[in-house]
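Engineer: See query_39.tsv below, with TSV, C-alpha atoms.
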```tsv
chain	number	residue	atom	x	y	z
A	227	MET	CA	102.73	111.07	63.17
A	228	LYS	CA	101.27	109.37	66.24
A	229	LYS	CA	97.53	109.65	66.96
A	230	ARG	CA	95.42	110.99	69.80
A	231	PHE	CA	91.68	111.24	70.44
A	232	LEU	CA	89.30	114.14	70.93
A	233	GLY	CA	88.08	112.93	74.30
A	234	LYS	CA	84.95	110.84	74.50
A	235	SER	CA	83.96	111.68	70.92
A	236	GLY	CA	86.39	108.97	69.82
A	237	ILE	CA	87.50	111.11	66.87
A	238	GLU	CA	91.13	110.29	66.06
A	239	VAL	CA	93.55	113.08	65.11
A	240	SER	CA	97.27	113.48	64.59
A	241	ALA	CA	99.10	114.04	67.88
A	242	MET	CA	99.74	117.59	66.74
A	243	GLY	CA	97.39	119.77	64.73
A	244	LEU	CA	97.99	122.75	62.48
A	245	GLY	CA	96.67	126.09	63.64
A	246	CYS	CA	95.76	127.79	60.38
A	247	MET	CA	94.91	131.25	61.78
A	248	GLY	CA	98.26	132.85	61.06
A	249	LEU	CA	97.95	132.25	57.33
A	250	SER	CA	95.41	135.05	57.08
A	251	HIS	CA	95.12	136.69	60.49
A	252	ALA	CA	97.21	138.25	63.28
A	253	TYR	CA	100.71	137.31	62.06
A	254	GLY	CA	101.24	139.80	59.25
A	255	ALA	CA	99.45	140.61	56.02
A	256	PRO	CA	97.61	137.53	54.72
A	257	LEU	CA	99.77	135.02	52.93
A	258	GLU	CA	99.03	134.50	49.25
A	259	LYS	CA	96.14	132.02	49.00
A	260	LYS	CA	98.03	129.67	46.72
A	261	GLU	CA	100.97	129.63	49.14
A	262	SER	CA	98.66	128.95	52.10
A	263	ILE	CA	97.01	126.03	50.37
A	264	SER	CA	100.41	124.62	49.43
A	265	LEU	CA	101.50	124.75	53.07
A	266	ILE	CA	98.37	122.94	54.25
A	267	ARG	CA	98.94	120.26	51.63
A	268	LYS	CA	102.52	119.89	52.83
A	269	ALA	CA	101.19	119.40	56.36
A	270	LEU	CA	99.08	116.52	55.07
A	271	ASP	CA	102.17	114.92	53.56
A	272	LEU	CA	103.91	115.19	56.95
A	273	GLY	CA	101.09	113.39	58.75
A	274	TYR	CA	99.00	116.24	60.12
A	275	THR	CA	95.31	115.31	60.01
A	276	PHE	CA	93.90	117.94	62.42
A	277	PHE	CA	93.32	121.47	61.08
A	278	ASP	CA	92.07	124.39	63.14
A	279	THR	CA	90.33	127.48	61.75
A	280	ALA	CA	87.50	129.90	62.66
A	281	GLU	CA	84.92	132.04	60.94
A	282	VAL	CA	86.75	135.24	62.01
A	283	TYR	CA	90.31	134.45	60.96
A	284	GLY	CA	90.65	137.03	58.25
A	285	THR	CA	90.92	140.78	57.77
A	286	GLU	CA	88.34	143.53	57.93
A	287	ASP	CA	88.17	143.41	54.13
A	288	ASP	CA	87.96	139.61	53.97
A	289	PRO	CA	86.85	138.35	57.42
A	290	HIS	CA	86.23	134.72	56.45
A	291	ALA	CA	89.36	134.12	54.39
A	292	ASN	CA	90.80	131.35	56.54
A	293	GLU	CA	87.83	129.00	56.32
A	294	VAL	CA	87.73	129.43	52.55
A	295	LEU	CA	91.37	128.49	52.04
A	296	VAL	CA	91.18	125.56	54.50
A	297	GLY	CA	88.12	124.26	52.70
A	298	GLU	CA	89.77	124.54	49.32
A	299	ALA	CA	93.01	122.92	50.50
A	300	LEU	CA	91.25	119.91	52.05
A	301	ARG	CA	88.38	119.47	49.63
A	302	ASP	CA	89.70	116.37	47.88
A	303	CYS	CA	90.73	114.57	51.09
A	304	ARG	CA	87.84	115.53	53.35
A	305	ASP	CA	87.30	112.01	54.70
A	306	LYS	CA	90.94	111.75	55.79
A	307	VAL	CA	91.12	114.92	57.91
A	308	VAL	CA	89.51	116.46	60.98
A	309	ILE	CA	88.48	120.10	60.67
A	310	ALA	CA	87.78	122.30	63.68
A	311	THR	CA	86.19	125.71	63.32
A	312	LYS	CA	84.56	128.17	65.71
A	313	PHE	CA	81.53	130.38	66.29
A	314	GLY	CA	80.55	133.03	68.78
A	315	ILE	CA	82.70	136.14	68.45
A	316	ARG	CA	83.17	139.19	66.29
A	317	PHE	CA	85.72	141.96	66.49
A	318	ASP	CA	84.90	145.41	67.85
A	319	THR	CA	86.27	147.21	64.82
A	320	ASP	CA	84.97	150.55	66.13
A	321	SER	CA	87.49	150.35	68.95
A	322	ASN	CA	90.78	152.20	68.68
A	323	VAL	CA	92.45	149.39	70.64
A	324	GLN	CA	94.78	147.02	68.77
A	325	PRO	CA	94.23	144.13	68.64
A	326	HIS	CA	90.51	144.79	68.48
A	327	PRO	CA	88.50	143.60	71.51
A	328	LEU	CA	86.13	140.66	71.04
A	329	ILE	CA	82.35	140.74	71.28
A	330	ALA	CA	80.84	137.40	72.24
A	331	ASP	CA	77.51	136.24	70.81
A	332	ALA	CA	76.35	132.67	71.41
A	333	SER	CA	72.65	133.26	70.83
A	334	PRO	CA	70.92	130.31	69.09
A	335	ASP	CA	70.11	132.31	65.96
A	336	LYS	CA	73.71	133.49	65.69
A	337	ILE	CA	75.00	129.92	66.07
A	338	ARG	CA	72.64	128.72	63.34
A	339	ASN	CA	73.79	131.43	60.94
A	340	SER	CA	77.42	130.75	61.77
A	341	VAL	CA	77.31	127.01	61.21
A	342	GLU	CA	75.63	127.40	57.81
A	343	GLY	CA	78.21	129.99	56.77
A	344	SER	CA	81.11	127.80	57.90
A	345	LEU	CA	79.77	124.73	56.13
A	346	LYS	CA	79.51	126.68	52.89
A	347	ARG	CA	82.95	128.28	53.15
A	348	LEU	CA	84.61	125.00	54.14
A	349	ASN	CA	82.85	123.29	51.24
A	350	THR	CA	81.73	120.41	53.45
A	351	ASP	CA	78.54	118.76	54.70
A	352	TYR	CA	79.76	118.49	58.29
A	353	ILE	CA	82.19	120.02	60.78
A	354	ASP	CA	84.21	117.54	62.86
A	355	LEU	CA	84.73	119.78	65.89
A	356	TYR	CA	82.73	122.98	66.43
A	357	TYR	CA	84.05	125.28	69.15
A	358	GLN	CA	82.35	128.06	71.03
A	359	HIS	CA	85.12	130.59	70.46
A	360	ARG	CA	84.59	132.51	73.71
A	361	VAL	CA	82.09	132.25	76.54
A	362	ASP	CA	79.14	134.62	76.17
A	363	PRO	CA	78.18	135.65	79.72
A	364	SER	CA	74.65	136.51	78.60
A	365	ILE	CA	73.83	132.97	77.39
A	366	PRO	CA	73.76	130.02	79.84
A	367	PRO	CA	76.04	127.10	78.92
A	368	GLU	CA	73.02	124.76	78.97
A	369	GLU	CA	71.42	126.76	76.14
A	370	VAL	CA	74.56	126.66	74.00
A	371	ALA	CA	74.98	122.93	74.66
A	372	GLY	CA	71.37	122.34	73.69
A	373	VAL	CA	72.00	123.90	70.29
A	374	MET	CA	75.12	121.76	69.88
A	375	SER	CA	73.12	118.64	70.68
A	376	ARG	CA	70.62	119.47	67.94
A	377	LEU	CA	73.40	120.21	65.42
A	378	ILE	CA	74.92	116.80	66.16
A	379	GLU	CA	71.52	115.13	65.68
A	380	GLU	CA	71.15	116.93	62.34
A	381	GLY	CA	74.59	115.76	61.19
A	382	LYS	CA	75.95	119.28	60.75
A	383	ILE	CA	78.67	118.74	63.37
A	384	ARG	CA	80.27	115.57	64.79
A	385	SER	CA	81.37	117.00	68.13
A	386	TRP	CA	81.80	120.28	69.92
A	387	GLY	CA	84.21	122.10	72.20
A	388	ILE	CA	84.75	125.36	74.05
A	389	SER	CA	87.70	127.75	73.88
A	390	GLU	CA	89.13	129.64	76.86
A	391	VAL	CA	86.71	128.03	79.31
A	392	GLY	CA	86.81	127.43	83.04
A	393	GLU	CA	85.52	124.58	85.20
A	394	ASP	CA	81.97	125.72	86.10
A	395	TYR	CA	80.89	126.58	82.56
A	396	LEU	CA	82.53	123.42	81.22
A	397	ARG	CA	80.81	121.10	83.68
A	398	ARG	CA	77.39	122.65	83.06
A	399	ALA	CA	77.79	122.44	79.29
A	400	ASP	CA	79.15	118.89	79.34
A	401	ALA	CA	76.18	117.70	81.42
A	402	VAL	CA	73.81	118.67	78.57
A	403	CYS	CA	75.89	117.71	75.52
A	404	PRO	CA	79.23	115.91	76.03
A	405	VAL	CA	82.19	118.17	75.25
A	406	ALA	CA	84.94	116.60	73.15
A	407	ALA	CA	87.68	119.19	73.57
A	408	VAL	CA	88.68	122.37	75.30
A	409	GLU	CA	90.90	124.72	73.31
A	410	ASN	CA	92.76	126.97	75.72
A	411	ARG	CA	95.97	128.95	75.67
A	412	TYR	CA	98.86	126.86	77.00
A	413	SER	CA	102.63	127.09	76.89
A	414	MET	CA	105.63	127.14	79.19
A	415	MET	CA	104.83	130.83	79.73
A	416	ALA	CA	101.08	130.38	80.23
A	417	ARG	CA	100.28	127.46	82.56
A	418	HIS	CA	97.23	128.77	84.45
A	419	TYR	CA	94.90	126.21	82.85
A	420	GLU	CA	96.80	123.32	84.42
A	421	THR	CA	94.31	123.68	87.28
A	422	LEU	CA	91.68	122.42	84.82
A	423	PHE	CA	93.56	119.20	84.03
A	424	PRO	CA	91.93	117.02	86.74
A	425	VAL	CA	88.49	118.04	85.44
A	426	LEU	CA	89.43	117.16	81.87
A	427	GLU	CA	90.76	113.79	83.00
A	428	GLU	CA	87.58	113.12	84.98
A	429	LEU	CA	85.27	114.07	82.11
A	430	ASN	CA	87.44	112.55	79.33
A	431	ILE	CA	87.86	115.83	77.45
A	432	ALA	CA	90.87	116.56	75.23
A	433	PHE	CA	92.97	119.68	75.79
A	434	VAL	CA	93.87	121.39	72.52
A	435	ALA	CA	96.67	123.85	73.26
A	436	PHE	CA	96.75	127.00	71.18
A	437	SER	CA	99.77	129.34	71.20
A	438	PRO	CA	101.89	126.43	72.51
A	439	LEU	CA	105.08	128.32	71.64
A	440	ALA	CA	103.92	131.60	73.23
A	441	ASN	CA	103.20	133.05	69.79
A	442	GLY	CA	106.56	131.83	68.52
A	443	PHE	CA	108.65	133.37	71.28
A	444	LEU	CA	109.75	130.00	72.69
A	445	THR	CA	111.42	129.05	69.42
A	446	GLY	CA	114.27	131.33	70.52
A	447	LYS	CA	114.32	132.89	67.06
A	448	TYR	CA	113.24	136.40	68.13
A	449	GLY	CA	115.77	138.73	69.76
A	450	LYS	CA	116.08	142.38	70.54
A	451	GLY	CA	115.13	144.80	67.81
A	452	THR	CA	112.62	142.53	66.10
A	453	VAL	CA	109.97	144.68	64.41
A	454	PHE	CA	106.48	143.49	63.49
A	455	ASP	CA	103.87	144.99	61.17
A	456	LYS	CA	101.71	147.20	63.43
A	457	LYS	CA	98.65	146.91	61.19
A	458	TYR	CA	98.50	143.15	60.68
A	459	ASP	CA	100.75	141.52	63.26
A	460	TYR	CA	99.54	141.16	66.87
A	461	ARG	CA	103.10	140.47	67.99
A	462	SER	CA	103.80	144.19	67.62
A	463	THR	CA	101.94	144.69	70.91
A	464	MET	CA	102.73	141.42	72.71
A	465	PRO	CA	104.74	141.97	75.90
A	466	GLN	CA	107.05	138.98	75.46
A	467	PHE	CA	108.60	140.46	72.31
A	468	THR	CA	109.86	143.75	73.81
A	469	ASP	CA	113.61	144.20	74.22
A	470	GLU	CA	113.17	144.26	78.00
A	471	ALA	CA	111.27	140.96	77.89
A	472	VAL	CA	113.98	139.29	75.83
A	473	ASP	CA	116.42	140.09	78.63
A	474	LYS	CA	114.04	139.01	81.37
A	475	ASN	CA	113.30	135.70	79.63
A	476	ARG	CA	116.92	134.81	78.93
A	477	GLU	CA	117.06	132.18	81.69
A	478	LEU	CA	113.87	130.57	80.35
A	479	LEU	CA	115.18	130.47	76.80
A	480	ASP	CA	118.50	129.03	78.00
A	481	LEU	CA	116.69	126.33	80.01
A	482	ILE	CA	114.75	125.23	76.93
A	483	GLU	CA	117.73	125.40	74.61
A	484	ASN	CA	120.00	123.42	76.93
A	485	MET	CA	117.55	120.56	77.42
A	486	ALA	CA	116.73	120.60	73.71
A	487	LYS	CA	120.41	119.99	72.94
A	488	GLU	CA	120.42	117.03	75.35
A	489	LYS	CA	117.48	115.54	73.44
A	490	ASN	CA	118.88	116.36	69.97
A	491	ALA	CA	115.93	118.67	69.45
A	492	THR	CA	115.26	122.33	68.74
A	493	SER	CA	113.79	124.71	71.31
A	494	ALA	CA	110.43	124.57	69.56
A	495	GLN	CA	110.41	120.77	69.54
A	496	LEU	CA	111.32	120.62	73.22
A	497	SER	CA	108.55	123.09	74.12
A	498	LEU	CA	105.97	121.03	72.25
A	499	ALA	CA	107.25	117.67	73.52
A	500	TRP	CA	107.03	118.98	77.11
A	501	MET	CA	103.24	119.22	76.88
A	502	MET	CA	102.72	116.18	74.65
A	503	CYS	CA	104.67	113.96	77.08
A	504	LYS	CA	102.80	115.40	80.05
A	505	LYS	CA	99.34	114.05	79.15
A	506	PRO	CA	98.22	111.72	76.32
A	507	TRP	CA	95.19	113.93	75.74
A	508	ILE	CA	97.04	117.22	75.16
A	509	ILE	CA	97.14	118.16	71.47
A	510	PRO	CA	99.15	121.26	70.56
A	511	ILE	CA	98.21	123.18	67.41
A	512	PRO	CA	101.17	125.42	66.52
A	513	GLY	CA	100.77	127.58	63.47
A	514	THR	CA	103.36	128.65	60.92
A	515	ARG	CA	103.79	130.13	57.47
A	516	ASN	CA	107.09	128.39	56.89
A	517	VAL	CA	107.49	124.86	55.52
A	518	ASP	CA	110.76	124.33	57.40
A	519	ARG	CA	109.04	125.27	60.67
A	520	LEU	CA	106.13	122.97	59.78
A	521	GLU	CA	108.56	120.08	59.42
A	522	GLU	CA	110.41	121.07	62.59
A	523	ASN	CA	107.21	121.14	64.65
A	524	ALA	CA	106.16	117.76	63.30
A	525	GLY	CA	109.45	116.36	64.57
A	526	ALA	CA	108.39	117.07	68.17
A	527	ASP	CA	106.26	113.94	67.94
A	528	ASN	CA	109.47	111.90	68.07
A	529	ILE	CA	111.00	113.61	71.12
A	530	GLU	CA	110.64	111.45	74.22
A	531	LEU	CA	110.72	113.14	77.62
A	532	THR	CA	110.59	111.04	80.77
A	533	THR	CA	108.32	111.77	83.71
A	534	ASP	CA	111.41	113.06	85.52
A	535	ASP	CA	112.28	115.35	82.59
A	536	VAL	CA	108.81	116.88	82.63
A	537	ALA	CA	108.85	117.26	86.43
A	538	MET	CA	112.25	118.95	86.31
A	539	LEU	CA	111.04	121.40	83.68
A	540	ASP	CA	107.85	122.12	85.63
A	541	LYS	CA	109.83	122.80	88.80
A	542	ALA	CA	112.14	125.18	86.95
A	543	LEU	CA	109.22	126.95	85.30
A	544	ASP	CA	107.62	127.48	88.72
A	545	SER	CA	110.51	129.66	89.87
A	546	ILE	CA	112.22	131.03	86.78
A	547	PRO	CA	111.80	134.77	86.04
A	548	MET	CA	109.52	135.52	83.08
A	549	SER	CA	108.04	138.57	81.45
A	550	ASN	CA	104.34	139.02	80.91
A	551	VAL	CA	103.01	137.06	77.94
A	552	PHE	CA	100.13	137.89	75.62
A	553	GLY	CA	96.91	136.58	77.12
A	554	GLY	CA	94.48	137.25	74.31
A	555	SER	CA	92.18	140.04	73.25
A	556	ALA	CA	89.69	141.34	75.78
A	557	VAL	CA	86.05	140.23	75.57
A	558	VAL	CA	83.77	143.27	75.93
A	559	LYS	CA	80.05	143.91	76.10
A	560	LYS	CA	78.42	145.68	73.18
```
Let's see the structure in the file written out as C-alpha cells.
Structural biologist:
Amino acid sequence: MKKRFLGKSGIEVSAMGLGCMGLSHAYGAPLEKKESISLIRKALDLGYTFFDTAEVYGTEDDPHANEVLVGEALRDCRDKVVIATKFGIRFDTDSNVQPHPLIADASPDKIRNSVEGSLKRLNTDYIDLYYQHRVDPSIPPEEVAGVMSRLIEEGKIRSWGISEVGEDYLRRADAVCPVAAVENRYSMMARHYETLFPVLEELNIAFVAFSPLANGFLTGKYGKGTVFDKKYDYRSTMPQFTDEAVDKNRELLDLIENMAKEKNATSAQLSLAWMMCKKPWIIPIPGTRNVDRLEENAGADNIELTTDDVAMLDKALDSIPMSNVFGGSAVVKK
C-alpha cells in the first residue's frame, strides 16, 4: 500500500488506515477477541500500518476492550505500525437515548489518567498519535495543547490530533503544540468539513476521515428491510439505513456504482478513492469485521481518479438528492 504522512509530524502511515472501533463497539455485539486479532493481523499482511482505536470503544461491561485487543494484536510488531488512540469522552449511560450521548472531559488530570491507562492496555511505552476525542467547551484549547506538549516531551506520545474540530479551536491549539492530524467525519454524504481543507493545507495537518463509507451505506450492500441489533448496533437508528432513505439515495448509489464499473472498482473502492485522489493528505480509516471487505478496501489504493473525475463527482454530489446521514452522538454537559 502507498504511504502518506501525518502532517508536520513526519510520521509515515499507510495511505489507508484500519478503524478498529467496530470490532468491539457500535456495529453489533463484540466480535470474538481471537477473531478480531486475526483480522488485524490480516490487515498487516495487506499493508495497513495505521490502526485507530480509543479508550471508550467497548461495551458497558468491558469499556476498554478495543485498546486491549489492538495492543495484543500488534505487540510483536510495534515498531512497524502507527497506533492512534483517543482521550476526553465518556458515555452518558444514565441517558435513555441510544446511542448514548457523550460527555467531554479534557481536564489535565483526566488526560493524565487516560494516557496511563491507554499505554497499559495497548502494552506499549508510547502512543504514536493521541487524539482529543471531542472538544470540551469548558477547557481552553491552549490548556489541552499544553498537556500534549508535555506528554511529547516525556516520550509518552509522539504526536497529537483532535477529532470533530473546527477552525478556531484548531488554530489556537496548533499555535501552542503543533497538531499532526484532524480526525473528522467525512464521506460523499458528509462533506461539511471540506471548508476546513484550506486551513489544513496552510498548517500542514493531515485529515483522517472516519466513517468514509457513511457507516457502510455507500458500499451499496444494504437495501430495504435490513435489520440491525438495537442493543449493540448504532446503525439501527441511523437515518441513512431506513427504507425511505434507501429510495431517496438511489441516484447517489447509482452514481457511485456506475463510475465504479468504469474504473473496474467496487462502490466502496470508488468512494474511498474519491477522497484519496482529492488530497494527498487525506487518510480514510474504514472499519470492517470481514476479511473480504478488508481486502476490498485495501484495493482502493490502486484506483486512480483524475482531477476531472473528482470534479465531476463533486458537482454531482452538490445537487443529487440525499437522505439525512448519521452525524454522531450528541455531546452534552454533565
Engineer: Write out as a PyMOL selection string the residues lying within 12 Å of stretch 416-428 of chain A, counting all atoms listed in the file and excluding same-chain residues fewer than 5 positions away.
Structural biologist: chain A and resi 232-234+389-397+400+404-411+433-441+444+466+501+504-508+540+543-544+548-554
Engineer: My list of candidates is A:Ala299, A:Ile365, A:Ile353, A:Val239. Which is closest to A:Lys336 when distances are computed with all atoms listed in the file?
Structural biologist: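 When distances to A:Lys336 are compared using all atoms listed in the file, the smallest one comes from A:Ile365.
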Engineer: Between A:Ile383, A:Met502, A:Leu539, A:Ala291, which residue has the minimum interatomic distance to A:Arg347, considering only C-alpha atoms?
Structural biologist: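 Among A:Ile383, A:Met502, A:Leu539, A:Ala291, it is A:Ala291 that comes nearest to A:Arg347.
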Engineer: Could you pull the residues within 9 Å of A:Ser364, counting only C-alpha atoms, minus those fewer than 2 positions along the same chain, as JSON, numbers by chain?
Structural biologist: {"A": [330, 331, 332, 333, 361, 362, 366]}
Engineer: So which residues touch stretch 304-320 of chain A within 9 Å, counting all atoms listed in the file, skipping near sequence neighbours fewer than 4 positions away, as JSON, numbers by chain?
Structural biologist: {"A": [237, 238, 239, 270, 274, 275, 276, 277, 278, 279, 280, 281, 282, 286, 293, 296, 297, 300, 326, 327, 328, 329, 330, 331, 332, 333, 336, 337, 340, 341, 344, 350, 353, 354, 355, 356, 357, 358, 359, 360, 361, 362, 386, 387, 388, 389, 557, 558, 560]}
Engineer: Between atom CA of A:Asn349 and atom CA of A:Asp335, what is the distance in Å, rounded to a tenth?
Structural biologist: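 Interatomic distance, atom CA of A:Asn349 to atom CA of A:Asp335: 21.5 Å.
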Engineer: Given the choices A:Lys450, A:Lys268, A:His290, A:Lys259, which gets closest to A:Lys346 if the distance is worked out from only C-alpha atoms?
Structural biologist: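 The answer is A:His290, which sits nearest to A:Lys346.
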Engineer: List the neighbours of stretch 519-527 of chain A out to 12 Å using only C-alpha atoms; skip same-chain residues closer than 3 positions along the sequence, and give me the result as a ChimeraX atom specification.
Structural biologist: /A:227-230,240-246,264-275,438-439,442,445,447,486,489-503,506,509-516,530-531
Engineer: Report the distance between atom CA of A:Val453 and atom CA of A:Val323 in Å, rounded to one decimal place.
Structural biologist: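 Going from atom CA of A:Val453 over to atom CA of A:Val323 covers 19.2 Å.
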Engineer: So how many Å separate atom CA of A:Asn430 and atom CA of A:Arg376, to one decimal?
Structural biologist: 21.5 Å
